[in-house]
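A.B. asks: Dropping in target-v8.cif, with mmCIF, C-alpha atoms and all ligand atoms.
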```cif
data_protein
#
loop_
_atom_site.label_atom_id
_atom_site.label_comp_id
_atom_site.auth_asym_id
_atom_site.auth_seq_id
_atom_site.Cartn_x
_atom_site.Cartn_y
_atom_site.Cartn_z
CA MET P 1146 -17.91 40.40 6.85
CA THR P 1147 -14.57 38.70 7.22
CA ILE P 1148 -12.54 38.46 10.41
CA GLU P 1149 -9.54 40.74 11.01
CA ILE P 1150 -6.43 38.58 11.28
CA GLU P 1151 -3.16 40.08 12.36
CA GLY P 1152 -0.47 39.67 9.70
CA PHE P 1153 -2.97 38.70 6.98
CA THR P 1154 -5.13 40.49 4.39
CA ASP P 1155 -8.34 39.01 3.02
CA VAL P 1156 -8.28 38.71 -0.76
CA TYR P 1157 -11.28 36.60 -1.73
CA SER P 1158 -14.49 35.28 -0.26
CA GLY P 1159 -16.17 32.24 -1.74
CA LYS P 1160 -19.57 31.02 -0.70
CA VAL P 1161 -18.18 29.26 2.33
CA ARG P 1162 -14.51 30.13 2.72
CA ASP P 1163 -12.41 33.26 2.95
CA LEU P 1164 -8.88 33.42 1.57
CA TYR P 1165 -6.13 35.53 3.15
CA ILE P 1166 -2.54 36.26 2.17
CA PRO P 1167 0.31 37.44 4.41
CA THR P 1168 0.30 41.26 4.59
CA ASP P 1169 3.79 41.38 3.06
CA ALA P 1170 2.49 39.82 -0.17
CA VAL P 1171 1.11 42.11 -2.86
CA SER P 1172 -1.44 39.71 -4.31
CA ILE P 1173 -2.37 36.05 -4.38
CA ASP P 1174 0.01 35.68 -7.36
CA ASP P 1175 3.14 36.46 -5.35
CA ALA P 1176 2.00 35.02 -1.99
CA GLU P 1177 3.92 32.00 -0.78
CA THR P 1178 1.18 30.85 1.53
CA LEU P 1179 -2.54 31.20 1.60
CA LEU P 1180 -4.74 31.01 4.67
CA VAL P 1181 -8.06 29.30 3.90
CA VAL P 1182 -10.62 30.07 6.60
CA ALA P 1183 -13.77 27.98 6.70
CA SER P 1184 -16.73 30.03 7.92
CA ASP P 1185 -19.97 28.65 9.36
CA ARG P 1186 -21.81 29.73 6.20
CA VAL P 1187 -23.86 27.07 4.46
CA SER P 1188 -24.78 27.11 0.77
CA ALA P 1189 -27.38 25.10 -1.11
CA TYR P 1190 -28.35 25.34 -4.76
CA ASP P 1191 -25.53 27.90 -5.04
CA HIS P 1192 -27.13 30.30 -2.53
CA VAL P 1193 -25.59 31.22 0.81
CA LEU P 1194 -28.26 30.75 3.48
CA GLU P 1195 -28.95 32.42 6.81
CA PRO P 1196 -28.15 31.68 9.54
CA GLY P 1197 -24.90 29.72 9.45
CA ILE P 1198 -24.39 26.33 11.08
CA PRO P 1199 -22.57 26.84 14.40
CA GLY P 1200 -19.24 24.99 14.52
CA LYS P 1201 -19.37 24.01 10.83
CA GLY P 1202 -16.13 25.74 9.80
CA GLU P 1203 -14.18 23.95 12.49
CA LEU P 1204 -15.78 20.55 11.82
CA LEU P 1205 -15.06 20.76 8.09
CA THR P 1206 -11.47 21.87 8.64
CA THR P 1207 -10.84 19.03 11.10
CA LEU P 1208 -12.33 16.53 8.65
CA SER P 1209 -10.32 17.86 5.69
CA LEU P 1210 -7.05 17.68 7.63
CA TRP P 1211 -7.88 14.12 8.73
CA TRP P 1212 -8.53 13.05 5.14
CA PHE P 1213 -5.35 14.68 3.80
CA ASP P 1214 -3.53 12.62 6.38
CA GLN P 1215 -5.27 9.39 5.31
CA LEU P 1216 -4.41 9.98 1.65
CA SER P 1217 -0.69 9.39 1.88
CA GLY P 1218 1.09 9.58 -1.45
CA ILE P 1219 -1.40 12.05 -2.97
CA PRO P 1220 0.30 15.46 -3.26
CA ASN P 1221 -1.80 18.06 -1.40
CA HIS P 1222 -1.67 21.81 -0.87
CA LEU P 1223 -0.93 21.90 2.88
CA VAL P 1224 2.28 23.80 3.70
CA GLY P 1225 4.26 24.54 6.80
CA ASP P 1226 3.08 23.77 10.29
CA GLN P 1227 -0.70 23.90 10.75
CA ALA P 1228 -0.01 24.91 14.36
CA ASP P 1229 1.01 28.30 12.90
CA VAL P 1230 -2.60 29.10 11.96
CA PRO P 1231 -3.35 32.49 13.60
CA VAL P 1232 -5.24 32.32 16.91
CA GLU P 1233 -8.15 34.37 15.54
CA VAL P 1234 -9.12 31.42 13.32
CA ALA P 1235 -7.45 28.52 15.11
CA GLY P 1236 -9.19 25.22 14.38
CA ARG P 1237 -10.95 26.42 11.27
CA ALA P 1238 -8.23 27.44 8.89
CA MET P 1239 -5.52 25.74 6.87
CA LEU P 1240 -2.20 27.07 5.64
CA VAL P 1241 -1.87 26.04 2.01
CA LYS P 1242 0.27 26.76 -0.99
CA PRO P 1243 -1.36 28.87 -3.68
CA LEU P 1244 -1.83 26.79 -6.81
CA ASP P 1245 -2.90 27.53 -10.36
CA MET P 1246 -6.34 26.02 -9.98
CA PHE P 1247 -8.01 24.06 -12.77
CA PRO P 1248 -11.54 25.36 -13.43
CA ILE P 1249 -12.99 21.89 -12.98
CA GLU P 1250 -14.90 20.30 -10.15
CA CYS P 1251 -13.74 16.71 -10.25
CA VAL P 1252 -16.84 14.81 -9.21
CA VAL P 1253 -16.86 11.06 -8.60
CA ARG P 1254 -20.10 9.18 -8.05
CA GLY P 1255 -20.41 5.67 -6.67
CA TYR P 1256 -24.17 6.07 -6.29
CA LEU P 1257 -26.82 7.84 -8.32
CA SER P 1258 -28.14 10.97 -6.58
CA GLY P 1259 -28.65 14.71 -6.88
CA SER P 1260 -27.84 16.23 -10.27
CA GLY P 1261 -26.58 12.80 -11.42
CA TRP P 1262 -30.02 11.31 -10.86
CA LYS P 1263 -31.67 14.24 -12.68
CA GLU P 1264 -29.43 13.82 -15.69
CA TYR P 1265 -29.92 10.05 -15.69
CA LEU P 1266 -33.71 10.51 -15.88
CA GLU P 1267 -33.28 12.68 -18.96
CA SER P 1268 -30.57 10.83 -20.85
CA GLN P 1269 -29.72 7.55 -19.04
CA SER P 1270 -26.22 8.97 -18.75
CA VAL P 1271 -24.29 11.40 -16.54
CA CYS P 1272 -21.78 13.81 -18.11
CA GLY P 1273 -21.68 11.60 -21.19
CA VAL P 1274 -21.11 8.38 -19.22
CA ALA P 1275 -23.76 5.87 -20.35
CA LEU P 1276 -25.43 3.87 -17.57
CA PRO P 1277 -27.61 0.75 -17.45
CA SER P 1278 -31.38 1.24 -17.64
CA GLY P 1279 -33.72 0.78 -14.69
CA LEU P 1280 -31.63 2.42 -11.99
CA GLU P 1281 -33.45 4.07 -9.07
CA ASN P 1282 -32.59 7.24 -7.16
CA GLY P 1283 -29.85 6.33 -4.66
CA ASP P 1284 -28.79 3.09 -6.38
CA ARG P 1285 -25.19 1.97 -6.28
CA LEU P 1286 -23.55 2.24 -9.70
CA PRO P 1287 -21.88 -0.79 -11.33
CA GLU P 1288 -18.59 1.08 -10.83
CA PRO P 1289 -17.68 4.62 -9.72
CA ILE P 1290 -17.90 7.18 -12.52
CA TYR P 1291 -16.09 10.47 -13.09
CA THR P 1292 -18.58 13.26 -13.85
CA PRO P 1293 -16.75 16.61 -14.04
CA ALA P 1294 -18.35 20.04 -13.78
CA PHE P 1295 -17.14 23.40 -15.01
CA LYS P 1296 -16.45 25.62 -12.00
CA ALA P 1297 -18.60 28.72 -12.41
CA GLU P 1298 -17.68 32.22 -11.19
CA LEU P 1299 -19.15 33.24 -7.84
CA GLY P 1300 -22.92 33.66 -8.28
CA ASP P 1301 -23.18 31.31 -11.27
CA HIS P 1302 -24.11 27.65 -11.28
CA ASP P 1303 -21.55 24.93 -11.86
CA GLU P 1304 -22.31 23.06 -15.03
CA ASN P 1305 -21.94 19.32 -15.64
CA ILE P 1306 -19.65 18.69 -18.62
CA THR P 1307 -18.33 15.72 -20.58
CA PHE P 1308 -14.80 14.37 -20.25
CA GLU P 1309 -14.14 15.58 -23.83
CA ARG P 1310 -14.98 19.11 -22.71
CA THR P 1311 -12.40 18.87 -19.91
CA ILE P 1312 -9.80 17.93 -22.54
CA GLU P 1313 -10.65 21.17 -24.38
CA LEU P 1314 -10.33 23.13 -21.14
CA VAL P 1315 -7.07 21.74 -19.71
CA GLY P 1316 -5.56 19.46 -22.37
CA ALA P 1317 -5.63 15.68 -22.63
CA ASP P 1318 -2.75 14.93 -20.25
CA VAL P 1319 -4.11 16.99 -17.39
CA ALA P 1320 -7.70 15.86 -18.03
CA GLU P 1321 -6.67 12.21 -17.84
CA ARG P 1322 -4.56 12.74 -14.74
CA LEU P 1323 -7.45 14.55 -12.99
CA ARG P 1324 -9.79 11.69 -13.78
CA ALA P 1325 -7.34 9.00 -12.66
CA LEU P 1326 -6.49 10.80 -9.41
CA SER P 1327 -10.15 11.50 -8.64
CA LEU P 1328 -11.16 7.86 -9.14
CA GLU P 1329 -8.20 6.65 -7.08
CA ILE P 1330 -8.96 8.98 -4.17
CA TYR P 1331 -12.66 8.10 -4.26
CA SER P 1332 -11.91 4.40 -4.16
CA ARG P 1333 -9.46 4.72 -1.26
CA ALA P 1334 -11.75 7.04 0.69
CA SER P 1335 -14.92 5.04 0.15
CA ALA P 1336 -13.18 1.90 1.45
CA ILE P 1337 -12.07 3.79 4.58
CA ALA P 1338 -15.60 5.16 5.11
CA GLU P 1339 -17.27 1.81 4.48
CA ALA P 1340 -15.12 0.18 7.16
CA ARG P 1341 -16.73 2.70 9.54
CA GLY P 1342 -20.30 2.00 8.42
CA VAL P 1343 -20.51 5.07 6.21
CA ILE P 1344 -21.21 5.17 2.47
CA LEU P 1345 -19.40 7.82 0.44
CA ALA P 1346 -22.10 8.25 -2.23
CA ASP P 1347 -20.33 10.96 -4.19
CA THR P 1348 -17.73 13.66 -3.75
CA LYS P 1349 -16.03 16.59 -5.45
CA PHE P 1350 -12.31 17.39 -5.61
CA GLU P 1351 -10.47 20.45 -6.84
CA PHE P 1352 -6.90 20.32 -8.07
CA GLY P 1353 -4.31 22.88 -9.05
CA ALA P 1354 -0.83 22.88 -10.55
CA ASP P 1355 2.18 23.68 -8.37
CA ARG P 1356 3.46 27.02 -9.60
CA VAL P 1357 7.06 25.86 -9.78
CA SER P 1358 7.06 22.14 -10.53
CA GLY P 1359 3.65 21.96 -12.25
CA GLU P 1360 2.78 18.92 -10.13
CA ILE P 1361 -0.96 18.27 -10.02
CA THR P 1362 -1.91 18.83 -6.41
CA LEU P 1363 -5.06 18.10 -4.41
CA ALA P 1364 -6.43 21.42 -3.12
CA ASP P 1365 -9.44 22.95 -1.44
CA GLU P 1366 -11.34 20.99 1.19
CA VAL P 1367 -11.45 17.23 0.77
CA LEU P 1368 -14.14 14.68 1.50
CA THR P 1369 -16.06 16.96 3.82
CA SER P 1370 -19.80 16.87 4.37
CA ASP P 1371 -20.03 19.99 2.16
CA SER P 1372 -18.22 18.46 -0.80
CA SER P 1373 -19.57 14.93 -0.44
CA ARG P 1374 -22.73 12.93 0.12
CA TYR P 1375 -22.32 10.57 3.05
CA TRP P 1376 -24.97 8.02 4.01
CA ASP P 1377 -25.38 5.71 6.96
CA ALA P 1378 -24.68 2.19 5.61
CA GLU P 1379 -27.02 0.43 8.02
CA ALA P 1380 -29.95 2.74 7.28
CA TYR P 1381 -29.26 2.43 3.55
CA ALA P 1382 -29.31 -1.37 3.75
CA ALA P 1383 -32.64 -1.15 5.61
CA GLY P 1384 -34.09 0.89 2.74
CA ASP P 1385 -33.80 4.37 4.26
CA ARG P 1386 -32.05 6.43 1.63
CA LEU P 1387 -32.46 9.76 3.39
CA ALA P 1388 -30.19 9.18 6.40
CA SER P 1389 -27.40 11.43 5.18
CA PHE P 1390 -24.58 13.11 7.10
CA ASP P 1391 -24.28 16.06 4.75
CA LYS P 1392 -26.27 19.15 3.96
CA GLN P 1393 -29.09 17.16 2.37
CA ILE P 1394 -31.27 18.25 5.33
CA VAL P 1395 -30.73 21.85 4.24
CA ARG P 1396 -31.34 21.08 0.56
CA ASN P 1397 -34.54 19.16 1.35
CA TRP P 1398 -35.92 21.92 3.56
CA LEU P 1399 -35.07 24.62 1.03
CA SER P 1400 -36.56 22.82 -1.96
CA ALA P 1401 -39.77 22.17 0.01
CA ASN P 1402 -40.06 25.83 1.09
CA TRP P 1403 -38.71 27.84 -1.82
CA ASN P 1404 -38.54 27.74 -5.60
CA THR P 1405 -34.88 26.76 -6.06
CA THR P 1406 -34.98 27.02 -9.86
CA ASP P 1407 -36.75 30.39 -10.33
CA PRO P 1408 -34.11 33.13 -10.81
CA ASN P 1409 -36.72 35.71 -9.72
CA ALA P 1410 -37.67 33.94 -6.50
CA GLY P 1411 -35.90 36.56 -4.37
CA PRO P 1412 -33.59 35.70 -1.49
CA PRO P 1413 -34.00 32.26 0.11
CA PRO P 1414 -35.96 32.09 3.40
CA GLU P 1415 -34.18 31.85 6.75
CA LEU P 1416 -33.40 28.34 7.95
CA PRO P 1417 -35.48 27.32 10.99
CA THR P 1418 -33.56 26.66 14.20
CA ALA P 1419 -34.50 22.96 14.13
CA ILE P 1420 -32.94 22.51 10.66
CA VAL P 1421 -29.79 24.35 11.76
CA GLU P 1422 -29.47 22.15 14.84
CA GLN P 1423 -30.12 18.89 12.98
CA THR P 1424 -27.52 19.81 10.38
CA ALA P 1425 -24.92 20.69 13.03
CA ALA P 1426 -25.62 17.39 14.82
CA ARG P 1427 -25.25 15.37 11.61
CA TYR P 1428 -21.95 17.11 10.75
CA ARG P 1429 -20.64 16.33 14.24
CA GLU P 1430 -21.79 12.73 14.00
CA LEU P 1431 -20.00 12.19 10.69
CA LEU P 1432 -16.74 13.50 12.12
CA SER P 1433 -16.91 11.19 15.10
CA ARG P 1434 -18.01 8.15 13.03
CA LEU P 1435 -15.07 8.60 10.65
CA THR P 1436 -12.29 9.74 12.94
CA ALA P 1437 -13.10 8.18 16.33
P1 LIG M 1501 -18.42 26.44 -3.43
O1 LIG M 1501 -17.31 25.51 -3.04
O2 LIG M 1501 -19.55 26.39 -2.44
O3 LIG M 1501 -18.81 26.24 -4.87
P2 LIG M 1501 -16.64 28.56 -3.94
O4 LIG M 1501 -15.87 27.50 -4.61
O5 LIG M 1501 -17.10 29.76 -4.66
O6 LIG M 1501 -17.89 27.93 -3.28
P3 LIG M 1501 -15.21 28.48 -1.46
O7 LIG M 1501 -15.15 27.01 -1.57
O8 LIG M 1501 -15.98 29.10 -0.36
O9 LIG M 1501 -15.77 29.11 -2.79
O10 LIG M 1501 -13.74 29.14 -1.45
C1 LIG M 1501 -12.58 28.46 -1.63
C2 LIG M 1501 -11.86 28.96 -2.88
O11 LIG M 1501 -10.46 28.73 -2.75
C3 LIG M 1501 -12.31 28.23 -4.14
O12 LIG M 1501 -12.44 29.16 -5.18
C4 LIG M 1501 -11.14 27.26 -4.42
O13 LIG M 1501 -11.03 26.95 -5.77
C5 LIG M 1501 -9.96 28.07 -3.93
N1 LIG M 1501 -8.76 27.29 -3.52
C6 LIG M 1501 -8.72 26.20 -2.73
N2 LIG M 1501 -7.45 25.76 -2.55
C7 LIG M 1501 -6.64 26.62 -3.24
C8 LIG M 1501 -5.21 26.71 -3.45
N3 LIG M 1501 -4.35 25.85 -2.88
N4 LIG M 1501 -4.75 27.72 -4.23
C9 LIG M 1501 -5.61 28.60 -4.80
N5 LIG M 1501 -6.95 28.59 -4.63
C10 LIG M 1501 -7.48 27.61 -3.86
MG MG M 1502 -15.49 25.58 -3.18
#
```
Here is the file; what I need is its structure written in the form of structure tokens.
C.D. replies:
Amino acid sequence: MTIEIEGFTDVYSGKVRDLYIPTDAVSIDDAETLLVVASDRVSAYDHVLEPGIPGKGELLTTLSLWWFDQLSGIPNHLVGDQADVPVEVAGRAMLVKPLDMFPIECVVRGYLSGSGWKEYLESQSVCGVALPSGLENGDRLPEPIYTPAFKAELGDHDENITFERTIELVGADVAERLRALSLEIYSRASAIAEARGVILADTKFEFGADRVSGEITLADEVLTSDSSRYWDAEAYAAGDRLASFDKQIVRNWLSANWNTTDPNAGPPPELPTAIVEQTAARYRELLSRLTA
């Protein structure tokens, strides 16, 4: 169920966000602006879970806007005055320009974790990037690596791919630009986070082309606790590699209580109140650690 917003029509719902266009536009293709509304829905292992995390949509929107502001010089999709966001969704929506999105999740990893760790165990590489032997789960990598994924349709799983595959998908020029931009943004953002005692372990960007100029533009949400793994630097240094500010709490609970890889496992179980509250508290803490 999406919210009714005066002057806007909903055109698409992703796992977490709902897209709206002005009612005078016929479709997303002729819309001049897009309203991206972040819901409180939470997804893990590509499933939307129940219940949502109260306040999450607003926290993630605030964090995204803060990061766009930090990343001066990187073209982004924000348009107009964000104060014009309709009251029905004030605080948890962004006005953006519709872009021709590239079907690639531009992942950068500074540390080995999640699907990167899994792939490393199998092949000592991630997305075709060879790595030294003997690394442990959660280790810092010698240098950040770009490990793209193919963005699946709603309901499918994103799939890790090699850089060569991204060249086939979008051409060499765009593929190289996406990689360079992703590595640059990761390096700037991780320095900002580190200065605040927070490790940016990995993150995912999405880019699109401006429909008129073709300029490659940073889109979607950026550097939020949904699209990134954030760890507490002090806890990490003390050997605690589980003190994360992202939805790892949700992933851990789900994988301990449900078969996340069995396609016939039925719908995921409901999140317990304690997990919902811990996740909300961690999301709030990240926002204040970074932006205070
Ligand atoms: P998940 O991120 O959990 O994989 P999802 O990608 O299916 O889920 P959401 O992130 O909930 O969906 O929805 C946001 C959608 O809006 C994505 O499909 C994203 O690619 C798209 N999007 C973001 N910014 C723009 C933009 N400027 N122009 C066009 N589409 C955009
Ligand atoms: Mg998304």
A.B. asks: Using all atoms listed in the file, which residues sit within 10 Å of Gly1259 of chain P once same-chain residues fewer than 2 positions away are excluded, as a list in words?
C.D. replies: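 Residues meeting the cut-off are Tyr1256, Leu1257, Gly1261, Trp1262, Lys1263, Glu1264, Asn1282, Gly1283, Asp1347, Arg1374 and Gln1393 of chain P.
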A.B. asks: For Gly1273 of chain P, please output as a ChimeraX atom specification all residues within 8 Å (counting only C-alpha atoms; exclusion window: fewer than 5 positions along the same chain).
C.D. replies: /P:1306-1308
A.B. asks: Give me the residues within 9 Å of Lys1201 of chain P as an mmCIF file with C-alpha atoms, in the frame of the given file, counting only C-alpha atoms and dropping any in the same chain fewer than 2 places off.
C.D. replies:
```
data_model
loop_
_atom_site.group_PDB
_atom_site.id
_atom_site.type_symbol
_atom_site.label_atom_id
_atom_site.label_comp_id
_atom_site.auth_asym_id
_atom_site.auth_seq_id
_atom_site.Cartn_x
_atom_site.Cartn_y
_atom_site.Cartn_z
ATOM 1 C CA ALA P 1183 -13.770 27.980 6.700
ATOM 2 C CA SER P 1184 -16.730 30.030 7.920
ATOM 3 C CA ASP P 1185 -19.970 28.650 9.360
ATOM 4 C CA ARG P 1186 -21.810 29.730 6.200
ATOM 5 C CA VAL P 1187 -23.860 27.070 4.460
ATOM 6 C CA GLY P 1197 -24.900 29.720 9.450
ATOM 7 C CA ILE P 1198 -24.390 26.330 11.080
ATOM 8 C CA PRO P 1199 -22.570 26.840 14.400
ATOM 9 C CA GLU P 1203 -14.180 23.950 12.490
ATOM 10 C CA LEU P 1204 -15.780 20.550 11.820
ATOM 11 C CA LEU P 1205 -15.060 20.760 8.090
ATOM 12 C CA THR P 1206 -11.470 21.870 8.640
ATOM 13 C CA ARG P 1237 -10.950 26.420 11.270
ATOM 14 C CA ALA P 1425 -24.920 20.690 13.030
ATOM 15 C CA TYR P 1428 -21.950 17.110 10.750
ATOM 16 C CA ARG P 1429 -20.640 16.330 14.240
#
```
A.B. asks: With all atoms listed in the file as the counted atoms, please give the residues lying no more than 10 Å from segment 1161-1165 of chain P, apart from itself and same-chain residues fewer than 4 positions off, as a PDB file with C-alpha atoms, in the coordinates of the input.
C.D. replies:
```pdb
ATOM      1  CA  MET P1146     -17.910  40.400   6.850  1.00  0.00           C
ATOM      2  CA  THR P1147     -14.570  38.700   7.220  1.00  0.00           C
ATOM      3  CA  ILE P1148     -12.540  38.460  10.410  1.00  0.00           C
ATOM      4  CA  ILE P1150      -6.430  38.580  11.280  1.00  0.00           C
ATOM      5  CA  GLY P1152      -0.470  39.670   9.700  1.00  0.00           C
ATOM      6  CA  PHE P1153      -2.970  38.700   6.980  1.00  0.00           C
ATOM      7  CA  THR P1154      -5.130  40.490   4.390  1.00  0.00           C
ATOM      8  CA  ASP P1155      -8.340  39.010   3.020  1.00  0.00           C
ATOM      9  CA  VAL P1156      -8.280  38.710  -0.760  1.00  0.00           C
ATOM     10  CA  TYR P1157     -11.280  36.600  -1.730  1.00  0.00           C
ATOM     11  CA  SER P1172      -1.440  39.710  -4.310  1.00  0.00           C
ATOM     12  CA  ILE P1173      -2.370  36.050  -4.380  1.00  0.00           C
ATOM     13  CA  ALA P1176       2.000  35.020  -1.990  1.00  0.00           C
ATOM     14  CA  THR P1178       1.180  30.850   1.530  1.00  0.00           C
ATOM     15  CA  LEU P1179      -2.540  31.200   1.600  1.00  0.00           C
ATOM     16  CA  LEU P1180      -4.740  31.010   4.670  1.00  0.00           C
ATOM     17  CA  VAL P1181      -8.060  29.300   3.900  1.00  0.00           C
ATOM     18  CA  VAL P1182     -10.620  30.070   6.600  1.00  0.00           C
ATOM     19  CA  ALA P1183     -13.770  27.980   6.700  1.00  0.00           C
ATOM     20  CA  SER P1184     -16.730  30.030   7.920  1.00  0.00           C
ATOM     21  CA  ASP P1185     -19.970  28.650   9.360  1.00  0.00           C
ATOM     22  CA  ARG P1186     -21.810  29.730   6.200  1.00  0.00           C
ATOM     23  CA  VAL P1187     -23.860  27.070   4.460  1.00  0.00           C
ATOM     24  CA  SER P1188     -24.780  27.110   0.770  1.00  0.00           C
ATOM     25  CA  VAL P1193     -25.590  31.220   0.810  1.00  0.00           C
ATOM     26  CA  GLY P1197     -24.900  29.720   9.450  1.00  0.00           C
ATOM     27  CA  GLY P1202     -16.130  25.740   9.800  1.00  0.00           C
ATOM     28  CA  ARG P1237     -10.950  26.420  11.270  1.00  0.00           C
ATOM     29  CA  ALA P1238      -8.230  27.440   8.890  1.00  0.00           C
ATOM     30  CA  MET P1239      -5.520  25.740   6.870  1.00  0.00           C
ATOM     31  CA  LEU P1240      -2.200  27.070   5.640  1.00  0.00           C
ATOM     32  CA  ASP P1365      -9.440  22.950  -1.440  1.00  0.00           C
ATOM     33  CA  GLU P1366     -11.340  20.990   1.190  1.00  0.00           C
ATOM     34  CA  ASP P1371     -20.030  19.990   2.160  1.00  0.00           C
TER      35      ASP P1371
END
```
A.B. asks: In Å, with one decimal, what is the gap from atom CA of Ala1380 of chain P to atom CA of Ile1337 of chain P?
C.D. replies: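 Computing the Euclidean distance for atom CA of Ala1380 of chain P and atom CA of Ile1337 of chain P yields 18.1 Å.
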A.B. asks: Could you check the closest approach to Phe1390 of chain P for each of P:Leu1435, P:Ala1325, P:Ile1330, P:Ala1170 and tell me which residue wins, using all atoms listed in the file?
C.D. replies: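 Checking each of P:Leu1435, P:Ala1325, P:Ile1330, P:Ala1170 against Phe1390 of chain P, counting all atoms listed in the file, the winner is P:Leu1435.
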A.B. asks: Within 6 Å of ligand LIG 1501 (chain M), counting all atoms listed in the file: which residues, as a list in words?
C.D. replies: Gly1159, Lys1160, Val1161, Arg1162, His1222, Val1241, Lys1242, Pro1243, Leu1244, Met1246, Leu1299, Ala1364 and Asp1365 of chain P
A.B. asks: Between P:Pro1248, P:Gly1236, P:Pro1196, P:Pro1231, which has the minimum distance to ligand MG 1502 (chain M) (counting all atoms listed in the file)?
C.D. replies: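 Residue with the minimum atom-to-atom distance to ligand MG 1502 (chain M): P:Pro1248.
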A.B. asks: Under the rule that all atoms listed in the file are counted, which of P:Glu1430, P:Asp1385, P:Glu1351, P:Glu1177 is the nearest residue to ligand MG 1502 (chain M)?
C.D. replies: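 Looking only at the distances to ligand MG 1502 (chain M), the closest residue turns out to be P:Glu1351.
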A.B. asks: Could you check how far atom CA of Glu1360 of chain P sits from atom CA of Ile1249 of chain P, in Å to one decimal?
C.D. replies: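 Answer for the atom CA of Glu1360 of chain P to atom CA of Ile1249 of chain P separation: 16.3 Å.
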A.B. asks: Check the smallest atom-to-atom distance from each of P:Pro1167, P:Pro1289, P:Gly1359, P:Pro1417 to Glu1151 of chain P using only C-alpha atoms, then report the winner.
C.D. replies: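 Of P:Pro1167, P:Pro1289, P:Gly1359, P:Pro1417, the one nearest Glu1151 of chain P, counting only C-alpha atoms, is P:Pro1167.
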A.B. asks: Figure out the distance between atom CA of Asp1191 of chain P and atom CA of Trp1403 of chain P, please, to one decimal in Å.
C.D. replies: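 Computed distance, atom CA of Trp1403 of chain P to atom CA of Asp1191 of chain P, equals 13.6 Å.
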A.B. asks: Need a file for segment 1170-1182 of chain P from that block: N, CA and C atoms, written as a PDB file, in the first residue's frame.
C.D. replies:
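Result went into part_1.pdb, see below:
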```
ATOM      1  N   ALA P1170       2.203  14.381 -15.605  1.00  0.00           N
ATOM      2  CA  ALA P1170       3.071  13.585 -16.487  1.00  0.00           C
ATOM      3  C   ALA P1170       2.352  12.287 -16.843  1.00  0.00           C
ATOM      4  N   VAL P1171       2.615  11.797 -18.051  1.00  0.00           N
ATOM      5  CA  VAL P1171       1.939  10.587 -18.514  1.00  0.00           C
ATOM      6  C   VAL P1171       2.634   9.335 -17.958  1.00  0.00           C
ATOM      7  N   SER P1172       3.963   9.368 -17.996  1.00  0.00           N
ATOM      8  CA  SER P1172       4.718   8.213 -17.503  1.00  0.00           C
ATOM      9  C   SER P1172       6.054   8.719 -16.996  1.00  0.00           C
ATOM     10  N   ILE P1173       6.821   7.811 -16.454  1.00  0.00           N
ATOM     11  CA  ILE P1173       8.145   8.155 -15.931  1.00  0.00           C
ATOM     12  C   ILE P1173       9.023   8.712 -17.065  1.00  0.00           C
ATOM     13  N   ASP P1174       8.750   8.272 -18.303  1.00  0.00           N
ATOM     14  CA  ASP P1174       9.579   8.701 -19.435  1.00  0.00           C
ATOM     15  C   ASP P1174       9.425  10.177 -19.782  1.00  0.00           C
ATOM     16  N   ASP P1175       8.240  10.756 -19.516  1.00  0.00           N
ATOM     17  CA  ASP P1175       8.103  12.173 -19.835  1.00  0.00           C
ATOM     18  C   ASP P1175       8.070  13.042 -18.576  1.00  0.00           C
ATOM     19  N   ALA P1176       8.226  12.441 -17.391  1.00  0.00           N
ATOM     20  CA  ALA P1176       8.206  13.230 -16.150  1.00  0.00           C
ATOM     21  C   ALA P1176       9.485  14.042 -16.021  1.00  0.00           C
ATOM     22  N   GLU P1177       9.356  15.269 -15.537  1.00  0.00           N
ATOM     23  CA  GLU P1177      10.560  16.074 -15.336  1.00  0.00           C
ATOM     24  C   GLU P1177      11.139  15.894 -13.951  1.00  0.00           C
ATOM     25  N   THR P1178      10.278  15.516 -13.024  1.00  0.00           N
ATOM     26  CA  THR P1178      10.781  15.203 -11.681  1.00  0.00           C
ATOM     27  C   THR P1178      10.167  13.893 -11.228  1.00  0.00           C
ATOM     28  N   LEU P1179      10.858  13.325 -10.261  1.00  0.00           N
ATOM     29  CA  LEU P1179      10.443  12.053  -9.696  1.00  0.00           C
ATOM     30  C   LEU P1179      10.489  12.261  -8.188  1.00  0.00           C
ATOM     31  N   LEU P1180       9.481  11.741  -7.499  1.00  0.00           N
ATOM     32  CA  LEU P1180       9.485  11.819  -6.043  1.00  0.00           C
ATOM     33  C   LEU P1180       9.815  10.418  -5.525  1.00  0.00           C
ATOM     34  N   VAL P1181      10.945  10.307  -4.831  1.00  0.00           N
ATOM     35  CA  VAL P1181      11.368   9.005  -4.289  1.00  0.00           C
ATOM     36  C   VAL P1181      11.052   8.987  -2.802  1.00  0.00           C
ATOM     37  N   VAL P1182      10.112   8.140  -2.430  1.00  0.00           N
ATOM     38  CA  VAL P1182       9.664   8.087  -1.029  1.00  0.00           C
ATOM     39  C   VAL P1182      10.252   6.847  -0.367  1.00  0.00           C
TER      40      VAL P1182
END
```
